[in-house]
Amino acid sequence: MKIIDSLKGRRSIYDINKNLPVKEEVVFDFIKEATELVPDAFNMKSSRVVVVTKEKQDLLWDKIYEVFDGEVPREKIDSFKKGFGTILYFIDTSVVKGLEEQFPLYAPKFFEWAKQSAGMLELSIWSGLKELSIGASIQHYNPIIDKMVKELFDIPENYELNAQMPFGGINTEPSPKDKEDISLRVKFLN
C-alpha cells in the first residue's frame, strides 16, 4: 500500500471488539517490526512498547476508570475495554539521559527528539493496524494513570508513558472526514 493510502485509511476507530481479523501473532510481529524500523535521532532507540491483551486489557481499563473516580464516563472507558488489546507507548528516559550526558551540546533536544520518534512509531503502528483491518485510536490518560500503570504491570520507573492505543476488530467504520483547505497549513515558496 502506498503511504498516502495508508495515511488516508488511518482513522480513530472507537467501535471495536475483541475479535481480530488476523492471528494475534501477525499483529505482535508487525508491532515488533515497526518498533525496530522507525527512525530516531542518534539511533537512540528510546521508544518502549507494552501490549496488554485478554484479562490484562480488561484490568487496565477498569483501573483507569477507578483512577479517574468516575470523572470519565464508564461508557467511554468500556468502549476501549471492548478492544482486543491496548498498546502502551513509553519513552525510556534513562536512554535519553545517557545521550544527554554523552553529547552535552545536544542535551536540550534529546527528549524532544525522543518524542518525535515516539510519534512516528505511534502513527506507523496505527496505520499498519488499519492495513491489517484492525481499528485503533490513540488516547492520552497520562500522566494521571502513570503510577497505576507502572505498578499494575511492573513497568520500570525510568519509562515515561506517552500514549495508549486500544485496538481490535472493527464494528463500525467512522464517517468520512471533511476535506480541509490545506493551503491554510502548507505553503510552497519558489
# chains A, B, ... in the order shown; residues from 1 in each chain; ligands from 1
>>> residues_around(residues="stretch 79-82 of chain A", least_positions_apart="4", cutoff="6 Å", atoms="only C-alpha atoms", output="count of residues only")
4
>>> residues_around(residues="A:Asp146", least_positions_apart="2", cutoff="10 Å", atoms="only C-alpha atoms", output="ChimeraX atom specification")
/A:64,141-144,148-152,155,157,159-162
>>> atom_distance(atom1="atom CA of A:Gly169", atom2="atom CA of A:Pro39")
28.4 Å
>>> residues_around(residues="stretch 118-130 of chain A", least_positions_apart="3", cutoff="6 Å", atoms="only C-alpha atoms", output="number ranges by chain")
A: 6, 10, 38, 47, 115, 133-135
>>> select_by_dssp(residues="stretch 73-120 of chain A", states="strand (DSSP E)", output="VMD selection string")
chain A and resid 85 to 92
>>> closest_residue(among="A:Ser137, A:Gln102, A:Thr86, A:Asn19", to="A:Val49", atoms="only C-alpha atoms")
A:Thr86
>>> select_by_dssp(residues="stretch 4-189 of chain A", states="helix (DSSP H, G or I)", output="PyMOL selection string")
chain A and resi 4-9+24-37+41-43+54-67+74-81+93-102+104-131+146-153+182-184
>>> atom_distance(atom1="atom CA of A:Lys18", atom2="atom CA of A:Gly85")
7.6 Å
>>> atom_distance(atom1="atom CA of A:Trp113", atom2="atom CA of A:Lys187")
24.6 Å
>>> residues_around(residues="A:Lys109", least_positions_apart="5", cutoff="12 Å", atoms="only C-alpha atoms", output="list in words")
Ala41, Phe42, Val96, Lys97, Leu99, Glu100, Phe103, Pro104, Ala114, Lys115 and Gln116 of chain A
>>> decode(residues="stretch 37-139 of chain A", atoms="C-alpha atoms", output="mmCIF file, in the first residue's frame")
data_model
loop_
_atom_site.group_PDB
_atom_site.id
_atom_site.type_symbol
_atom_site.label_atom_id
_atom_site.label_comp_id
_atom_site.auth_asym_id
_atom_site.auth_seq_id
_atom_site.Cartn_x
_atom_site.Cartn_y
_atom_site.Cartn_z
ATOM 1 C CA LEU A 37 12.239 0.139 11.837
ATOM 2 C CA VAL A 38 11.017 3.562 12.980
ATOM 3 C CA PRO A 39 13.942 6.010 12.946
ATOM 4 C CA ASP A 40 15.120 8.230 15.743
ATOM 5 C CA ALA A 41 17.837 10.805 16.336
ATOM 6 C CA PHE A 42 21.288 9.407 17.139
ATOM 7 C CA ASN A 43 19.748 5.937 16.768
ATOM 8 C CA MET A 44 18.784 6.290 20.432
ATOM 9 C CA LYS A 45 16.028 3.655 20.392
ATOM 10 C CA SER A 46 14.236 5.190 23.368
ATOM 11 C CA SER A 47 10.716 4.015 22.473
ATOM 12 C CA ARG A 48 9.295 1.150 24.509
ATOM 13 C CA VAL A 49 6.062 -0.698 23.744
ATOM 14 C CA VAL A 50 3.987 -2.835 26.092
ATOM 15 C CA VAL A 51 0.966 -4.640 24.625
ATOM 16 C CA VAL A 52 -1.746 -5.789 27.030
ATOM 17 C CA THR A 53 -4.459 -8.230 25.951
ATOM 18 C CA LYS A 54 -7.129 -10.526 27.358
ATOM 19 C CA GLU A 55 -7.603 -10.212 31.141
ATOM 20 C CA LYS A 56 -4.874 -7.554 31.370
ATOM 21 C CA GLN A 57 -6.752 -5.472 28.769
ATOM 22 C CA ASP A 58 -9.916 -5.520 30.873
ATOM 23 C CA LEU A 59 -7.989 -4.881 34.076
ATOM 24 C CA LEU A 60 -6.179 -1.883 32.544
ATOM 25 C CA TRP A 61 -9.367 -0.075 31.575
ATOM 26 C CA ASP A 62 -11.156 -0.940 34.826
ATOM 27 C CA LYS A 63 -8.214 0.531 36.741
ATOM 28 C CA ILE A 64 -8.183 3.633 34.524
ATOM 29 C CA TYR A 65 -11.846 4.143 35.366
ATOM 30 C CA GLU A 66 -11.024 3.785 39.066
ATOM 31 C CA VAL A 67 -8.138 6.275 38.878
ATOM 32 C CA PHE A 68 -10.492 8.881 37.435
ATOM 33 C CA ASP A 69 -13.086 8.097 40.115
ATOM 34 C CA GLY A 70 -15.983 8.347 37.672
ATOM 35 C CA GLU A 71 -14.857 11.639 36.078
ATOM 36 C CA VAL A 72 -14.513 9.845 32.732
ATOM 37 C CA PRO A 73 -17.822 8.241 31.689
ATOM 38 C CA ARG A 74 -17.932 4.471 32.104
ATOM 39 C CA GLU A 75 -19.283 4.121 28.545
ATOM 40 C CA LYS A 76 -16.171 5.792 27.144
ATOM 41 C CA ILE A 77 -13.823 3.595 29.175
ATOM 42 C CA ASP A 78 -15.827 0.489 28.225
ATOM 43 C CA SER A 79 -15.521 1.359 24.528
ATOM 44 C CA PHE A 80 -11.731 0.969 24.891
ATOM 45 C CA LYS A 81 -12.057 -2.070 27.151
ATOM 46 C CA LYS A 82 -14.085 -3.837 24.424
ATOM 47 C CA GLY A 83 -10.982 -3.993 22.237
ATOM 48 C CA PHE A 84 -8.650 -6.942 21.838
ATOM 49 C CA GLY A 85 -5.779 -5.074 23.458
ATOM 50 C CA THR A 86 -4.058 -1.806 24.221
ATOM 51 C CA ILE A 87 -0.600 -0.702 23.162
ATOM 52 C CA LEU A 88 1.117 1.339 25.849
ATOM 53 C CA TYR A 89 3.806 3.628 24.431
ATOM 54 C CA PHE A 90 6.694 4.690 26.649
ATOM 55 C CA ILE A 91 9.931 6.635 26.377
ATOM 56 C CA ASP A 92 12.885 5.163 28.268
ATOM 57 C CA THR A 93 14.205 8.273 29.989
ATOM 58 C CA SER A 94 17.447 6.534 31.005
ATOM 59 C CA VAL A 95 18.361 6.229 27.305
ATOM 60 C CA VAL A 96 17.604 9.914 26.792
ATOM 61 C CA LYS A 97 19.624 10.956 29.860
ATOM 62 C CA GLY A 98 22.547 8.802 28.761
ATOM 63 C CA LEU A 99 22.702 10.594 25.424
ATOM 64 C CA GLU A 100 22.331 13.979 27.113
ATOM 65 C CA GLU A 101 25.439 13.149 29.147
ATOM 66 C CA GLN A 102 27.310 11.734 26.152
ATOM 67 C CA PHE A 103 26.507 14.695 23.871
ATOM 68 C CA PRO A 104 26.043 17.757 26.129
ATOM 69 C CA LEU A 105 25.836 20.202 23.214
ATOM 70 C CA TYR A 106 22.618 18.485 22.108
ATOM 71 C CA ALA A 107 21.302 17.742 25.610
ATOM 72 C CA PRO A 108 18.329 20.144 25.473
ATOM 73 C CA LYS A 109 16.972 18.424 22.347
ATOM 74 C CA PHE A 110 17.171 14.699 23.123
ATOM 75 C CA PHE A 111 13.827 14.411 24.915
ATOM 76 C CA GLU A 112 12.133 16.364 22.123
ATOM 77 C CA TRP A 113 13.711 14.020 19.576
ATOM 78 C CA ALA A 114 12.585 11.000 21.605
ATOM 79 C CA LYS A 115 9.012 12.310 21.487
ATOM 80 C CA GLN A 116 9.285 12.814 17.718
ATOM 81 C CA SER A 117 10.335 9.200 17.320
ATOM 82 C CA ALA A 118 7.535 8.061 19.635
ATOM 83 C CA GLY A 119 5.034 9.945 17.477
ATOM 84 C CA MET A 120 6.391 8.335 14.323
ATOM 85 C CA LEU A 121 6.106 4.917 15.956
ATOM 86 C CA GLU A 122 2.535 5.551 17.072
ATOM 87 C CA LEU A 123 1.486 6.679 13.591
ATOM 88 C CA SER A 124 3.304 3.787 11.922
ATOM 89 C CA ILE A 125 1.657 1.199 14.135
ATOM 90 C CA TRP A 126 -1.745 2.892 13.891
ATOM 91 C CA SER A 127 -1.568 2.979 10.084
ATOM 92 C CA GLY A 128 -0.263 -0.574 9.934
ATOM 93 C CA LEU A 129 -3.066 -1.855 12.140
ATOM 94 C CA LYS A 130 -5.550 -0.354 9.705
ATOM 95 C CA GLU A 131 -3.776 -2.139 6.846
ATOM 96 C CA LEU A 132 -4.471 -5.340 8.829
ATOM 97 C CA SER A 133 -8.156 -4.257 9.045
ATOM 98 C CA ILE A 134 -7.793 -3.568 12.761
ATOM 99 C CA GLY A 135 -9.324 -0.482 14.316
ATOM 100 C CA ALA A 136 -7.491 1.705 16.818
ATOM 101 C CA SER A 137 -7.477 5.117 18.440
ATOM 102 C CA ILE A 138 -4.878 6.982 20.424
ATOM 103 C CA GLN A 139 -5.632 8.034 23.975
#
